[in-house]
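Notes follow the structure.
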Amino acid sequence: MAQRITTLVMLIEILFLVNYVSQFATTAADNDGDVIHVAGKVMCQDCTLNYDKWINGSEPIKGAVVSITCMDERERVRYYGSDKTDERGQFDLILDKVLYGGKNLKPKLCTVRLVSSPDKSCDIPTDFGNGQSGVKLVQPFMVFKDLVKFVVGPFYYTTPMCETPKYENNY
C-alpha cells in the first residue's frame with residue numbers, strides 16, 4: 001500500500017513538472033527570439049494502395065504551397081506568408097516576430113494550412129494531419145537563444161480517385 005502511494009505521489013510530481021515545462025516553453029516562445037521558424041512536410045498519399053503501402057508509401061511533393069496566417073486578439077489578419085516545398089517535400093516558413101508598427105506576433109494566434117499542389121495526379125487536400133483545416137502553433141518544438149521553432153504536419157494530398165464525392169440534396 002505504501003509503495004502505491006509513493007508511486008502515485010511520484011506520478012503527480014512528474015505531471016506537475018511536465019505541465020510546468022510546457023508552460024515555460026510556451027511563455028518562452030512568446031517572449032524570446034526575433035524570428036519564428038515553422039517547419040513541416042507535404043506528402044502524397046494514394047488511397048488505392050493496401051493499408052501498409054498507404055501508410056508507409058507516401059511520396060513527398062515538390063513545389064506544394066503551404067501558408068501561415070497570423071491574427072491579433074481582435075481576429076484581424078496581422079501576417080500572411082507562404083512557402084513552397086523542396087524536393088523532399090519540406091517547407092520552412094520564417095516570420096519576423098516584430099511586425100511593422102512595433103507590434104509583436106503571437107505564435108498561438110497563427111494557423112498553418114495547405115494551399116496548393118503542383119502535382120495534378122495528387123492535388124486533393126486532406127485533413128489528415130489537419131492540413132486542410134489548419135494547425136495552430138501551440139507548443140514550440142525548440143526554443144534556443146534567438147530561435148523559436150515549431151514543427152507541424154506532415155500534411156497530405158491524395159489522388160482525385162480518393163476524393164469524397166459531394167452529394168446534392170444531402171443524399
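Ligands are numbered from 1 in the order shown, residues from 1 within each chain, and chains are lettered A, B, ... in the order they appear in the C-alpha cells.
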Original post:
Contacts of stretch 62-73 of chain A at 6 Å or less, counting only C-alpha atoms, minus same-chain residues fewer than 5 places along, as a list in words?
Top reply: Arg78, Tyr79, Tyr80, Gly81, Ser82, Asp83, Lys84, Thr85, Asp86, Glu87, Gly89, Leu109, Cys110, Thr111, Val112, Arg113, Leu114, Val115, Ser116, Ser117 and Pro118 of chain A
For stretch 34-84 of chain A versus stretch 121-131 of chain A, which residues have an atom no more than 10 Å away, and what is each residue's nearest atom pair and distance in Å rounded to one decimal, using only C-alpha atoms, chain-then-number order, as a Markdown table?
```
| residue | atom | partner | partner_atom | distance |
| --- | --- | --- | --- | --- |
| A:Val42 | CA | A:Gly131 | CA | 8.9 |
| A:Met43 | CA | A:Cys122 | CA | 9.2 |
| A:Cys44 | CA | A:Cys122 | CA | 6.1 |
| A:Gln45 | CA | A:Cys122 | CA | 7.9 |
| A:Asp46 | CA | A:Cys122 | CA | 8.0 |
| A:Ile61 | CA | A:Cys122 | CA | 8.6 |
| A:Ala64 | CA | A:Asp123 | CA | 9.2 |
| A:Val66 | CA | A:Gly131 | CA | 8.8 |
```
Take the selection from the previous step and output its residues with N, CA, C and O atoms, as a tab-separated table (two decimals), in the first residue's frame.
```tsv
chain	number	residue	atom	x	y	z
A	42	VAL	N	5.08	17.98	-46.73
A	42	VAL	CA	3.86	17.74	-47.51
A	42	VAL	C	4.07	16.48	-48.33
A	42	VAL	O	5.07	16.36	-49.06
A	43	MET	N	3.13	15.54	-48.23
A	43	MET	CA	3.26	14.23	-48.86
A	43	MET	C	2.02	13.92	-49.71
A	43	MET	O	0.96	14.49	-49.52
A	44	CYS	N	2.20	12.97	-50.64
A	44	CYS	CA	1.10	12.45	-51.46
A	44	CYS	C	0.78	11.05	-50.96
A	44	CYS	O	1.67	10.21	-50.86
A	45	GLN	N	-0.49	10.82	-50.66
A	45	GLN	CA	-0.92	9.53	-50.17
A	45	GLN	C	-1.98	8.97	-51.12
A	45	GLN	O	-2.99	9.62	-51.37
A	46	ASP	N	-1.75	7.78	-51.63
A	46	ASP	CA	-2.65	7.15	-52.58
A	46	ASP	C	-3.57	6.17	-51.85
A	46	ASP	O	-3.12	5.16	-51.33
A	61	ILE	N	5.97	15.83	-52.07
A	61	ILE	CA	5.53	16.65	-53.20
A	61	ILE	C	6.42	17.88	-53.28
A	61	ILE	O	6.47	18.68	-52.35
A	64	ALA	N	4.75	22.13	-53.53
A	64	ALA	CA	3.46	22.36	-52.87
A	64	ALA	C	3.56	23.64	-52.06
A	64	ALA	O	4.61	23.97	-51.51
A	66	VAL	N	2.38	25.97	-48.88
A	66	VAL	CA	1.83	25.95	-47.53
A	66	VAL	C	1.80	27.40	-47.05
A	66	VAL	O	2.73	28.16	-47.31
```
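Interatomic distance, atom CA of A:Tyr156 against atom CA of A:Val143: 26.9 Å.
Secondary structure of stretch 49-135 of chain A, helix (DSSP H, G or I) only (DSSP, backbone atoms): A:Tyr51, A:Asp52, A:Lys53, A:Trp54, A:Ile55, A:Asn56, A:Tyr100, A:Gly101, A:Gly102, A:Pro107, A:Lys108, A:Leu109.
Atom CA of A:Leu99 sits 21.5 Å away from atom CA of A:Val135.
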Subject >> Between atom CA of A:Ile36 and atom CA of A:Leu93 - distance in Å to one decimal >> reply: 8.0 Å
